[in-house]
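Colleague: Next comes the structure file final36.txt, holding compact mmCIF, C-alpha atoms.
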# COMPACT_ATOMS: atom_id res chain seq x y z
CA MET A 6 147.60 62.01 151.87
CA ILE A 7 143.83 61.69 152.12
CA SER A 8 142.15 61.81 155.54
CA THR A 9 140.22 59.09 157.31
CA THR A 10 137.06 61.14 156.79
CA GLU A 11 137.62 60.98 153.03
CA ILE A 12 138.29 57.23 153.25
CA ALA A 13 135.03 56.73 155.15
CA GLU A 14 133.06 58.84 152.66
CA THR A 15 134.58 57.12 149.62
CA GLY A 16 134.14 53.68 151.18
CA ALA A 17 130.47 54.43 151.84
CA LYS A 18 130.01 55.49 148.21
CA VAL A 19 131.69 52.29 146.99
CA LEU A 20 129.44 50.13 149.16
CA ASP A 21 126.34 52.08 148.13
CA ALA A 22 127.24 51.53 144.48
CA VAL A 23 127.68 47.80 145.02
CA ARG A 24 124.37 47.60 146.92
CA THR A 25 122.52 48.79 143.83
CA VAL A 26 122.93 45.25 142.45
CA VAL A 27 123.97 43.19 145.51
CA VAL A 28 121.35 42.80 148.24
CA GLY A 29 121.70 41.54 151.82
CA MET A 30 125.51 41.32 152.03
CA ASP A 31 126.27 44.51 153.97
CA ASP A 32 128.67 43.08 156.56
CA PRO A 33 130.57 40.68 154.24
CA LEU A 34 130.92 43.44 151.64
CA GLU A 35 132.35 45.90 154.15
CA ILE A 36 134.84 43.34 155.43
CA ALA A 37 135.79 42.44 151.84
CA LEU A 38 136.36 46.13 151.05
CA GLY A 39 138.41 46.44 154.23
CA ALA A 40 140.54 43.46 153.20
CA ILE A 41 141.25 45.10 149.84
CA LEU A 42 142.16 48.40 151.55
CA ALA A 43 144.49 46.38 153.77
CA GLY A 44 146.13 44.84 150.69
CA GLY A 45 144.67 41.37 151.19
CA HIS A 46 142.75 38.73 149.29
CA VAL A 47 139.25 37.41 149.94
CA LEU A 48 137.73 33.91 149.86
CA PHE A 49 133.94 33.61 149.65
CA GLU A 50 132.87 30.14 150.73
CA ASP A 51 129.18 29.39 150.45
CA VAL A 52 126.58 27.46 148.49
CA PRO A 53 125.99 28.36 144.82
CA GLY A 54 123.54 31.01 143.72
CA LEU A 55 124.03 33.56 146.51
CA GLY A 56 125.61 36.27 144.34
CA LYS A 57 129.28 35.83 145.22
CA THR A 58 130.40 36.33 141.61
CA VAL A 59 128.18 39.38 141.14
CA ALA A 60 129.52 40.84 144.39
CA ALA A 61 133.14 40.42 143.26
CA ARG A 62 132.48 41.91 139.82
CA SER A 63 130.52 44.83 141.30
CA LEU A 64 133.23 45.57 143.85
CA ALA A 65 135.86 45.62 141.11
CA SER A 66 133.73 47.97 139.00
CA ALA A 67 133.08 50.36 141.89
CA LEU A 68 136.81 50.47 142.67
CA GLY A 69 137.70 51.14 139.04
CA LEU A 70 139.87 48.04 138.76
CA ASP A 71 140.41 45.90 135.68
CA PHE A 72 138.51 42.67 136.22
CA ARG A 73 139.19 39.16 134.93
CA ARG A 74 137.23 36.06 135.77
CA LEU A 75 138.87 32.64 135.89
CA GLN A 76 136.41 29.73 135.85
CA CYS A 77 138.40 26.99 137.57
CA THR A 78 138.09 23.45 136.16
CA PRO A 79 139.94 20.17 136.81
CA ASP A 80 141.74 20.30 133.44
CA MET A 81 143.13 23.81 133.98
CA LEU A 82 146.93 24.13 133.90
CA PRO A 83 149.16 26.65 135.73
CA GLY A 84 149.91 28.33 132.41
CA ASP A 85 146.22 29.06 132.00
CA VAL A 86 146.52 31.29 135.07
CA THR A 87 149.97 32.85 134.83
CA GLY A 88 150.45 32.86 131.07
CA SER A 89 153.12 31.09 129.04
CA TYR A 90 155.67 31.46 126.28
CA VAL A 91 154.31 30.97 122.78
CA TYR A 92 156.08 30.79 119.45
CA ALA A 93 155.84 33.91 117.27
CA PRO A 94 156.27 32.88 113.60
CA ASP A 95 157.03 36.42 112.44
CA THR A 96 160.12 36.73 114.66
CA GLY A 97 160.99 33.06 115.10
CA GLU A 98 161.17 33.59 118.90
CA PHE A 99 159.15 32.59 121.92
CA VAL A 100 157.35 35.52 123.54
CA PHE A 101 155.51 35.66 126.85
CA ARG A 102 151.74 35.91 126.63
CA PRO A 103 150.34 37.10 130.00
CA GLY A 104 147.52 35.11 131.58
CA PRO A 105 144.38 36.41 133.30
CA ILE A 106 146.25 36.94 136.56
CA PHE A 107 147.69 40.14 135.07
CA THR A 108 144.78 42.31 136.13
CA GLY A 109 143.61 44.52 138.98
CA LEU A 110 141.11 42.11 140.52
CA LEU A 111 141.06 38.42 139.64
CA LEU A 112 137.96 36.37 140.43
CA ALA A 113 138.94 32.71 140.78
CA ASP A 114 135.49 31.17 140.58
CA GLU A 115 135.10 27.76 142.26
CA ILE A 116 138.79 27.62 143.05
CA ASN A 117 138.42 24.21 144.69
CA ARG A 118 137.48 22.67 141.34
CA THR A 119 141.00 22.99 139.95
CA THR A 120 143.98 20.84 140.89
CA PRO A 121 146.43 21.69 143.70
CA LYS A 122 149.13 22.29 141.09
CA THR A 123 147.05 25.03 139.45
CA GLN A 124 145.92 26.40 142.81
CA SER A 125 149.55 26.77 143.83
CA SER A 126 150.30 28.81 140.70
CA MET A 127 148.50 31.69 142.42
CA LEU A 128 150.58 31.55 145.62
CA GLU A 129 153.51 33.64 144.39
CA ALA A 130 151.20 36.24 142.88
CA MET A 131 149.14 36.55 146.07
CA ALA A 132 152.17 36.85 148.34
CA GLU A 133 154.72 38.73 146.23
CA ARG A 134 152.67 40.40 143.46
CA GLN A 135 154.70 38.69 140.74
CA VAL A 136 154.70 35.47 138.72
CA THR A 137 157.67 33.43 137.59
CA VAL A 138 157.50 31.53 134.30
CA GLU A 139 160.47 29.48 133.11
CA GLY A 140 162.80 31.32 135.47
CA THR A 141 161.72 34.83 134.49
CA SER A 142 159.75 36.97 136.95
CA PHE A 143 157.04 39.32 135.78
CA PRO A 144 155.68 41.95 138.20
CA LEU A 145 151.94 42.38 138.52
CA ARG A 146 150.22 45.74 138.40
CA LYS A 147 149.32 47.52 141.62
CA PRO A 148 146.87 47.21 143.15
CA PHE A 149 146.36 43.47 142.61
CA HIS A 150 143.81 41.42 144.54
CA VAL A 151 142.24 37.98 144.31
CA ILE A 152 138.66 37.21 145.23
CA ALA A 153 138.02 33.47 145.12
CA THR A 154 134.83 31.49 145.60
CA SER A 155 134.55 27.98 146.93
CA ASN A 156 131.64 25.54 147.22
CA PRO A 157 131.66 23.83 150.64
CA VAL A 158 128.77 21.43 150.05
CA GLU A 159 129.92 19.50 146.98
CA TYR A 160 133.06 17.36 147.18
CA GLU A 161 132.93 15.20 144.05
CA GLY A 162 135.42 16.53 141.51
CA THR A 163 136.85 19.11 143.91
CA TYR A 164 140.24 19.58 145.57
CA ALA A 165 140.43 21.03 149.06
CA LEU A 166 142.65 24.08 149.28
CA PRO A 167 145.89 23.27 151.14
CA GLU A 168 146.71 25.19 154.32
CA ALA A 169 149.39 27.24 152.55
CA GLN A 170 146.84 28.45 150.01
CA LEU A 171 144.18 29.22 152.63
CA ASP A 172 146.71 31.17 154.67
CA ARG A 173 147.21 33.57 151.75
CA PHE A 174 143.61 34.76 152.01
CA MET A 175 143.24 37.53 154.56
CA VAL A 176 139.60 36.57 155.20
CA ARG A 177 137.17 33.79 154.45
CA LEU A 178 133.61 35.07 154.29
CA SER A 179 130.24 33.37 154.26
CA VAL A 180 127.33 35.18 152.65
CA GLY A 181 124.42 33.07 153.91
CA TYR A 182 120.87 32.98 152.59
CA PRO A 183 119.17 36.38 152.32
CA GLU A 184 116.23 37.41 154.46
CA PRO A 185 112.79 37.09 152.79
CA ASP A 186 112.54 40.85 152.17
CA ASP A 187 116.04 40.94 150.70
CA GLU A 188 115.31 37.96 148.45
CA ALA A 189 112.16 39.73 147.22
CA ARG A 190 114.28 42.81 146.46
CA ILE A 191 116.64 40.63 144.42
CA LEU A 192 113.73 39.37 142.33
CA MET A 193 112.20 42.80 141.82
CA GLY A 194 115.60 44.23 140.92
CA ARG A 195 115.90 41.64 138.17
CA VAL A 196 112.42 42.56 136.94
CA ALA A 197 113.27 46.26 136.93
CA ARG A 198 116.55 45.74 135.00
CA ARG A 199 114.84 43.68 132.27
CA THR A 200 118.18 41.99 131.62
CA GLU A 201 120.44 39.49 133.35
CA GLU A 202 123.47 41.78 133.18
CA THR A 203 124.27 44.13 136.05
CA HIS A 204 126.30 47.33 135.92
CA VAL A 205 128.03 49.37 138.61
CA ASP A 206 129.59 52.73 137.81
CA PRO A 207 133.13 53.31 139.11
CA VAL A 208 133.41 55.45 142.22
CA ILE A 209 137.22 55.73 142.19
CA ASP A 210 140.03 54.42 140.00
CA ALA A 211 143.11 52.32 140.67
CA GLU A 212 145.15 55.40 141.58
CA GLY A 213 142.49 56.49 144.07
CA LEU A 214 142.50 53.01 145.63
CA ARG A 215 146.28 53.13 146.00
CA ALA A 216 145.94 56.50 147.77
CA MET A 217 143.37 55.03 150.17
CA GLN A 218 145.60 52.04 150.87
CA ALA A 219 148.54 54.36 151.61
CA ALA A 220 146.37 56.37 154.03
CA VAL A 221 145.31 53.19 155.83
CA GLU A 222 148.99 52.46 156.46
CA ALA A 223 149.12 55.64 158.57
CA ILE A 224 146.35 54.58 160.98
CA HIS A 225 147.58 54.60 164.59
CA VAL A 226 147.93 51.24 166.36
CA ASP A 227 148.32 51.17 170.13
CA PRO A 228 150.85 48.58 171.41
CA ASP A 229 148.10 47.09 173.61
CA VAL A 230 145.97 46.41 170.53
CA ALA A 231 148.91 44.80 168.73
CA ARG A 232 149.53 42.58 171.77
CA TYR A 233 145.81 41.72 171.83
CA CYS A 234 146.10 40.44 168.25
CA VAL A 235 149.11 38.35 169.26
CA ASP A 236 147.35 36.92 172.33
CA VAL A 237 144.31 35.95 170.26
CA ALA A 238 146.39 34.22 167.57
CA ARG A 239 148.59 32.44 170.15
CA SER A 240 145.54 31.18 172.01
CA THR A 241 144.40 29.27 168.92
CA ARG A 242 147.63 27.27 169.04
CA ALA A 243 146.94 25.72 172.45
CA VAL A 244 143.17 25.22 172.38
CA GLN A 245 141.47 21.82 172.40
CA HIS A 246 140.61 20.21 169.03
CA VAL A 247 143.25 22.26 167.14
CA ALA A 248 146.31 20.51 165.72
CA VAL A 249 147.81 23.62 164.12
CA GLY A 250 146.77 27.11 165.19
CA SER A 251 147.07 30.46 163.49
CA SER A 252 150.47 31.58 162.24
CA PRO A 253 151.88 35.09 162.78
CA ARG A 254 150.32 35.95 159.42
CA GLY A 255 146.98 35.54 161.17
CA SER A 256 147.78 38.03 163.92
CA GLN A 257 149.12 40.45 161.32
CA SER A 258 145.95 40.09 159.26
CA LEU A 259 143.88 40.86 162.35
CA LEU A 260 145.78 44.10 162.81
CA LEU A 261 145.82 45.12 159.14
CA LEU A 262 142.12 44.48 158.64
CA GLY A 263 141.24 46.15 161.93
CA ARG A 264 143.16 49.19 160.75
CA ALA A 265 141.24 49.28 157.46
CA LEU A 266 137.86 49.01 159.21
CA ALA A 267 138.87 51.85 161.53
CA ALA A 268 139.56 54.00 158.47
CA LEU A 269 136.20 53.05 156.93
CA ASP A 270 134.63 54.18 160.22
CA GLY A 271 136.41 57.55 159.94
CA ARG A 272 138.79 56.88 162.84
CA GLU A 273 142.55 57.39 162.99
CA TYR A 274 143.09 54.60 165.50
CA VAL A 275 142.20 50.93 165.99
CA ARG A 276 139.92 49.77 168.78
CA PRO A 277 139.71 46.26 170.28
CA ASP A 278 136.17 46.06 168.90
CA ASP A 279 137.63 46.20 165.37
CA ILE A 280 139.69 43.09 166.15
CA LYS A 281 136.71 41.29 167.68
CA ARG A 282 134.62 41.96 164.60
CA VAL A 283 137.05 40.32 162.18
CA ALA A 284 138.44 37.52 164.36
CA VAL A 285 136.27 34.74 162.88
CA PRO A 286 136.71 35.60 159.16
CA VAL A 287 140.46 36.12 159.69
CA LEU A 288 141.32 33.13 161.88
CA ALA A 289 138.78 30.32 161.41
CA HIS A 290 140.16 29.15 158.05
CA ARG A 291 143.73 29.13 159.42
CA LEU A 292 143.02 26.42 162.02
CA THR A 293 143.82 22.78 161.31
CA LEU A 294 141.64 20.53 163.46
CA THR A 295 142.65 17.20 164.94
CA PRO A 296 141.26 14.10 163.19
CA GLN A 297 138.97 13.46 166.16
CA ALA A 298 137.57 17.00 166.05
CA TRP A 299 137.07 16.77 162.29
CA ALA A 300 135.21 13.47 162.67
CA GLN A 301 133.01 15.00 165.39
CA GLY A 302 132.11 17.95 163.18
CA VAL A 303 133.74 20.61 165.37
CA ASP A 304 133.35 24.05 163.77
CA PRO A 305 136.51 26.23 163.68
CA GLN A 306 134.27 29.28 163.92
CA ARG A 307 133.05 28.17 167.34
CA ILE A 308 136.65 27.64 168.46
CA VAL A 309 137.57 31.22 167.52
CA GLU A 310 134.47 32.56 169.25
CA THR A 311 135.47 30.68 172.41
CA VAL A 312 138.99 32.08 172.23
CA MET A 313 137.64 35.62 171.87
CA ARG A 314 135.59 35.19 175.04
CA GLU A 315 138.59 33.95 177.01
CA VAL A 316 141.35 36.36 175.92
CA ALA A 317 141.52 39.50 178.04
CA VAL A 318 140.55 42.66 176.15
CA PRO A 319 142.85 45.67 176.53
CA PRO A 320 141.39 48.96 177.75
CA THR A 321 139.82 51.23 175.20
CA VAL A 322 142.52 53.14 173.32
CA GLY A 323 142.45 56.38 171.38
CA ALA A 324 144.47 58.19 168.78
CA ALA A 325 148.17 58.91 169.20
CA ALA A 326 149.02 62.17 170.90
For the structure just supplied, provide its representation as structure tokens.

Modeller:
Amino acid sequence: MISTTEIAETGAKVLDAVRTVVVGMDDPLEIALGAILAGGHVLFEDVPGLGKTVAARSLASALGLDFRRLQCTPDMLPGDVTGSYVYAPDTGEFVFRPGPIFTGLLLADEINRTTPKTQSSMLEAMAERQVTVEGTSFPLRKPFHVIATSNPVEYEGTYALPEAQLDRFMVRLSVGYPEPDDEARILMGRVARRTEETHVDPVIDAEGLRAMQAAVEAIHVDPDVARYCVDVARSTRAVQHVAVGSSPRGSQSLLLLGRALAALDGREYVRPDDIKRVAVPVLAHRLTLTPQAWAQGVDPQRIVETVMREVAVPPTVGAAA
């Protein structure tokens, strides 16, 4: 099994490779990489034109994963995602033709533009790493991850993701507008490339990623840190303006992602600071606000930040003896 030092070094190389074409996304990229190391899926929700698609493609290339892009549209059917049975004239039988979901990393671009029925076709794959078509289950390759993008500012012709779908994403990340210097670097990078296409060389392959994910599973977790994750998630269930708080999947995601970030930092144990860092991207999208709070424009991110200030932090913990 590889060491945490090797995970940190490889993770830094992956991020450095992605930064050759993606500028000003250091923190979201590291959290996205951590989510993949933790076996999760990522939702980028931000306005168009900020490089979310390029970031997903670059991350897949650096990790050595097969990459498929699914441009979601209102007329898309579930079979367009999972695949379907088609008639083969040479044999006179129906054979299964796999859809784009049979890949290493699937980019579901503008996922809120397709119907709930098609959105739900990804649920089984995201949770169980398999798809079922006409009663037959087909396993997906490992590793398998979904990075989806969503446009939060345009609602005409879109379909909000249901809570069950949002809960499958380990994190929801916002990129934000770049700083002026970073935006200038984006422009000059395009000038230097002399082409619209970007390219990132692979740092590892799928087998190497699986080895890193297995090593992350061995990171030590103190019982106090696990209880801290539980206390944070439970606090969202009783706070004002929240109709439905985080499920146990939320507290588990806090712990799993905190463990991955500890490994990327070269540590063999999780600290409370790791949990604090990922609380908003892990929990904010799992909260269902009351109608009054929604009408008043209450931000779930602010609710999570308030909860983090109120929940007692356990003492600093170290590695297992």

Colleague: Show me, as a Markdown table, the residues of range 114-188 of chain A having an atom within 9 Å of range 246-268 of chain A, each with the closest atom pair and its distance in Å, using all atoms listed in the file.

Modeller:
| residue | atom | partner | partner_atom | distance |
| --- | --- | --- | --- | --- |
| A:Asp172 | CA | A:Arg254 | CA | 7.6 |
| A:Arg173 | CA | A:Arg254 | CA | 8.6 |
| A:Met175 | CA | A:Ser258 | CA | 6.0 |
| A:Val176 | CA | A:Ser258 | CA | 8.3 |

Colleague: Record the distance separating CA of Gly56 in chain A and CA of Glu11 in chain A, expressed in Å with one decimal.

Modeller: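 Interatomic distance here is 28.8 Å.
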
Colleague: Quick one: of A:Val23, A:Leu38, A:Leu214, A:Val208, who's nearest to Leu178 in chain A, counting all atoms listed in the file?

Modeller: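 So, comparing all the options, the nearest one is A:Leu38.
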
Colleague: Using only C-alpha atoms for the distances, tell me which of A:Gly45, A:Ile224, A:Val312, A:Ala169 is nearest to Arg239 in chain A.

Modeller: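 So, comparing all the options, the nearest one is A:Val312.
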
Colleague: Out of A:Gln124, A:Thr137, A:Asn117, A:Thr293, which residue has the shortest atom-to-atom distance to Val158 in chain A when counting only C-alpha atoms?

Modeller: A:Asn117

Colleague: Calculated over all atoms listed in the file, which of the candidates A:Pro94, A:Gly181, A:Pro121, A:Gly140 has the smallest distance to Leu55 in chain A?

Modeller: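 That would be A:Gly181, the residue with the smallest distance to Leu55 in chain A.
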
Colleague: Using all atoms listed in the file, list the residues that have an atom at most 12 Å from (127.0, 32.8, 147.9), coordinates as in the file, as an MDAnalysis selection string.

Modeller: chainID A and resid 27:30 33:34 48:61 114:115 153:158 178:183

Colleague: Using all atoms listed in the file, which residue out of A:Leu269, A:Leu20, A:Ala231, A:Ile36 lies closest to Met217 in chain A?

Modeller: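 Of all the options, A:Leu269 lies closest to Met217 in chain A.
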
Colleague: Record the distance separating CA of Ala216 in chain A and CA of Ser8 in chain A, expressed in Å with one decimal.

Modeller: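 Separation between CA of Ala216 in chain A and CA of Ser8 in chain A: 10.1 Å.
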
Colleague: Applying 9 Å and all atoms listed in the file, which residues near range 128-131 of chain A remain after dropping the ones on its own chain fewer than 5 positions away? List them as JSON, numbers by chain.

Modeller: {"A": [45, 46, 87, 106, 136, 137, 144, 145, 149, 150, 151, 169, 170, 173, 174]}

Colleague: Write out, as a JSON list (two decimals), in the coordinates of the input, the residues just selected, with C-alpha atoms.

Modeller:
[["chain", "number", "residue", "atom", "x", "y", "z"],
["A", 45, "GLY", "CA", 144.67, 41.37, 151.19],
["A", 46, "HIS", "CA", 142.75, 38.73, 149.29],
["A", 87, "THR", "CA", 149.97, 32.85, 134.83],
["A", 106, "ILE", "CA", 146.25, 36.94, 136.56],
["A", 136, "VAL", "CA", 154.70, 35.47, 138.72],
["A", 137, "THR", "CA", 157.67, 33.43, 137.59],
["A", 144, "PRO", "CA", 155.68, 41.95, 138.20],
["A", 145, "LEU", "CA", 151.94, 42.38, 138.52],
["A", 149, "PHE", "CA", 146.36, 43.47, 142.61],
["A", 150, "HIS", "CA", 143.81, 41.42, 144.54],
["A", 151, "VAL", "CA", 142.24, 37.98, 144.31],
["A", 169, "ALA", "CA", 149.39, 27.24, 152.55],
["A", 170, "GLN", "CA", 146.84, 28.45, 150.01],
["A", 173, "ARG", "CA", 147.21, 33.57, 151.75],
["A", 174, "PHE", "CA", 143.61, 34.76, 152.01]]

Colleague: Report the distance between CA of Leu75 in chain A and CA of Arg195 in chain A in Å, rounded to one decimal place.

Modeller: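 We find that CA of Leu75 in chain A and CA of Arg195 in chain A lie 24.8 Å from each other.
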
Colleague: Please provide as a list in words all residues within 8 Å of Asp210 in chain A, with the sequence filter that same-chain residues fewer than 6 positions apart are discarded (counting only C-alpha atoms).

Modeller: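 The neighbour list is Leu68, Gly69 and Leu70 of chain A.
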
Colleague: In terms of the shortest atom-to-atom distance over only C-alpha atoms, which of A:Asp31, A:Asp227, A:Asp186, A:Asp270 is closest to Glu14 in chain A?

Modeller: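 For Glu14 in chain A, the nearest of the given residues is A:Asp270.
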
Colleague: Could you please give me, as a ChimeraX atom specification, the residues of protein, DNA or RNA lying at most 8 Å from (152.1, 35.2, 126.0) in the coordinate frame of the file, considering only C-alpha atoms?

Modeller: /A:88-91,100-104

Colleague: I'd like the neighbourhood of Gln218 in chain A as an mmCIF file with C-alpha atoms, in the coordinates of the input, where a residue qualifies if any of its atoms comes within 9 Å (using all atoms listed in the file), though same-chain residues fewer than 4 positions away should be ignored.

Modeller:
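Dumped to around25.cif:
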data_model
loop_
_atom_site.group_PDB
_atom_site.id
_atom_site.type_symbol
_atom_site.label_atom_id
_atom_site.label_comp_id
_atom_site.auth_asym_id
_atom_site.auth_seq_id
_atom_site.Cartn_x
_atom_site.Cartn_y
_atom_site.Cartn_z
ATOM 1 C CA ILE A 41 141.250 45.100 149.840
ATOM 2 C CA LEU A 42 142.160 48.400 151.550
ATOM 3 C CA ALA A 43 144.490 46.380 153.770
ATOM 4 C CA GLY A 44 146.130 44.840 150.690
ATOM 5 C CA GLY A 213 142.490 56.490 144.070
ATOM 6 C CA LEU A 214 142.500 53.010 145.630
ATOM 7 C CA GLU A 222 148.990 52.460 156.460
ATOM 8 C CA ALA A 265 141.240 49.280 157.460
#

Colleague: What would range 25-40 of chain A look like with N, CA and C atoms in place, written as a PDB file, in the coordinates of the input?

Modeller:
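The resulting out-v9.pdb:
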ATOM      1  N   THR A  25     123.548  48.593 144.855  1.00  0.00           N
ATOM      2  CA  THR A  25     122.520  48.790 143.830  1.00  0.00           C
ATOM      3  C   THR A  25     122.216  47.487 143.091  1.00  0.00           C
ATOM      4  N   VAL A  26     123.159  46.533 143.115  1.00  0.00           N
ATOM      5  CA  VAL A  26     122.930  45.250 142.450  1.00  0.00           C
ATOM      6  C   VAL A  26     123.106  44.055 143.391  1.00  0.00           C
ATOM      7  N   VAL A  27     123.740  44.269 144.544  1.00  0.00           N
ATOM      8  CA  VAL A  27     123.970  43.190 145.510  1.00  0.00           C
ATOM      9  C   VAL A  27     123.152  43.495 146.757  1.00  0.00           C
ATOM     10  N   VAL A  28     122.299  42.568 147.145  1.00  0.00           N
ATOM     11  CA  VAL A  28     121.350  42.800 148.240  1.00  0.00           C
ATOM     12  C   VAL A  28     121.657  41.853 149.400  1.00  0.00           C
ATOM     13  N   GLY A  29     121.605  42.378 150.630  1.00  0.00           N
ATOM     14  CA  GLY A  29     121.700  41.540 151.820  1.00  0.00           C
ATOM     15  C   GLY A  29     123.084  41.056 152.174  1.00  0.00           C
ATOM     16  N   MET A  30     124.135  41.739 151.715  1.00  0.00           N
ATOM     17  CA  MET A  30     125.510  41.320 152.030  1.00  0.00           C
ATOM     18  C   MET A  30     126.281  42.456 152.699  1.00  0.00           C
ATOM     19  N   ASP A  31     125.623  43.301 153.467  1.00  0.00           N
ATOM     20  CA  ASP A  31     126.270  44.510 153.970  1.00  0.00           C
ATOM     21  C   ASP A  31     127.554  44.217 154.740  1.00  0.00           C
ATOM     22  N   ASP A  32     127.490  43.334 155.733  1.00  0.00           N
ATOM     23  CA  ASP A  32     128.670  43.080 156.560  1.00  0.00           C
ATOM     24  C   ASP A  32     129.786  42.377 155.781  1.00  0.00           C
ATOM     25  N   PRO A  33     129.496  41.285 155.031  1.00  0.00           N
ATOM     26  CA  PRO A  33     130.570  40.680 154.240  1.00  0.00           C
ATOM     27  C   PRO A  33     131.194  41.631 153.232  1.00  0.00           C
ATOM     28  N   LEU A  34     130.376  42.497 152.614  1.00  0.00           N
ATOM     29  CA  LEU A  34     130.920  43.440 151.640  1.00  0.00           C
ATOM     30  C   LEU A  34     131.856  44.439 152.292  1.00  0.00           C
ATOM     31  N   GLU A  35     131.484  44.936 153.478  1.00  0.00           N
ATOM     32  CA  GLU A  35     132.350  45.900 154.150  1.00  0.00           C
ATOM     33  C   GLU A  35     133.663  45.264 154.572  1.00  0.00           C
ATOM     34  N   ILE A  36     133.602  44.027 155.056  1.00  0.00           N
ATOM     35  CA  ILE A  36     134.840  43.340 155.430  1.00  0.00           C
ATOM     36  C   ILE A  36     135.685  43.048 154.196  1.00  0.00           C
ATOM     37  N   ALA A  37     135.045  42.680 153.083  1.00  0.00           N
ATOM     38  CA  ALA A  37     135.790  42.440 151.840  1.00  0.00           C
ATOM     39  C   ALA A  37     136.462  43.725 151.370  1.00  0.00           C
ATOM     40  N   LEU A  38     135.751  44.854 151.431  1.00  0.00           N
ATOM     41  CA  LEU A  38     136.360  46.130 151.050  1.00  0.00           C
ATOM     42  C   LEU A  38     137.509  46.459 151.992  1.00  0.00           C
ATOM     43  N   GLY A  39     137.324  46.198 153.285  1.00  0.00           N
ATOM     44  CA  GLY A  39     138.410  46.440 154.230  1.00  0.00           C
ATOM     45  C   GLY A  39     139.632  45.597 153.924  1.00  0.00           C
ATOM     46  N   ALA A  40     139.411  44.331 153.539  1.00  0.00           N
ATOM     47  CA  ALA A  40     140.540  43.460 153.200  1.00  0.00           C
ATOM     48  C   ALA A  40     141.303  43.999 151.996  1.00  0.00           C
TER      49      ALA A  40
END
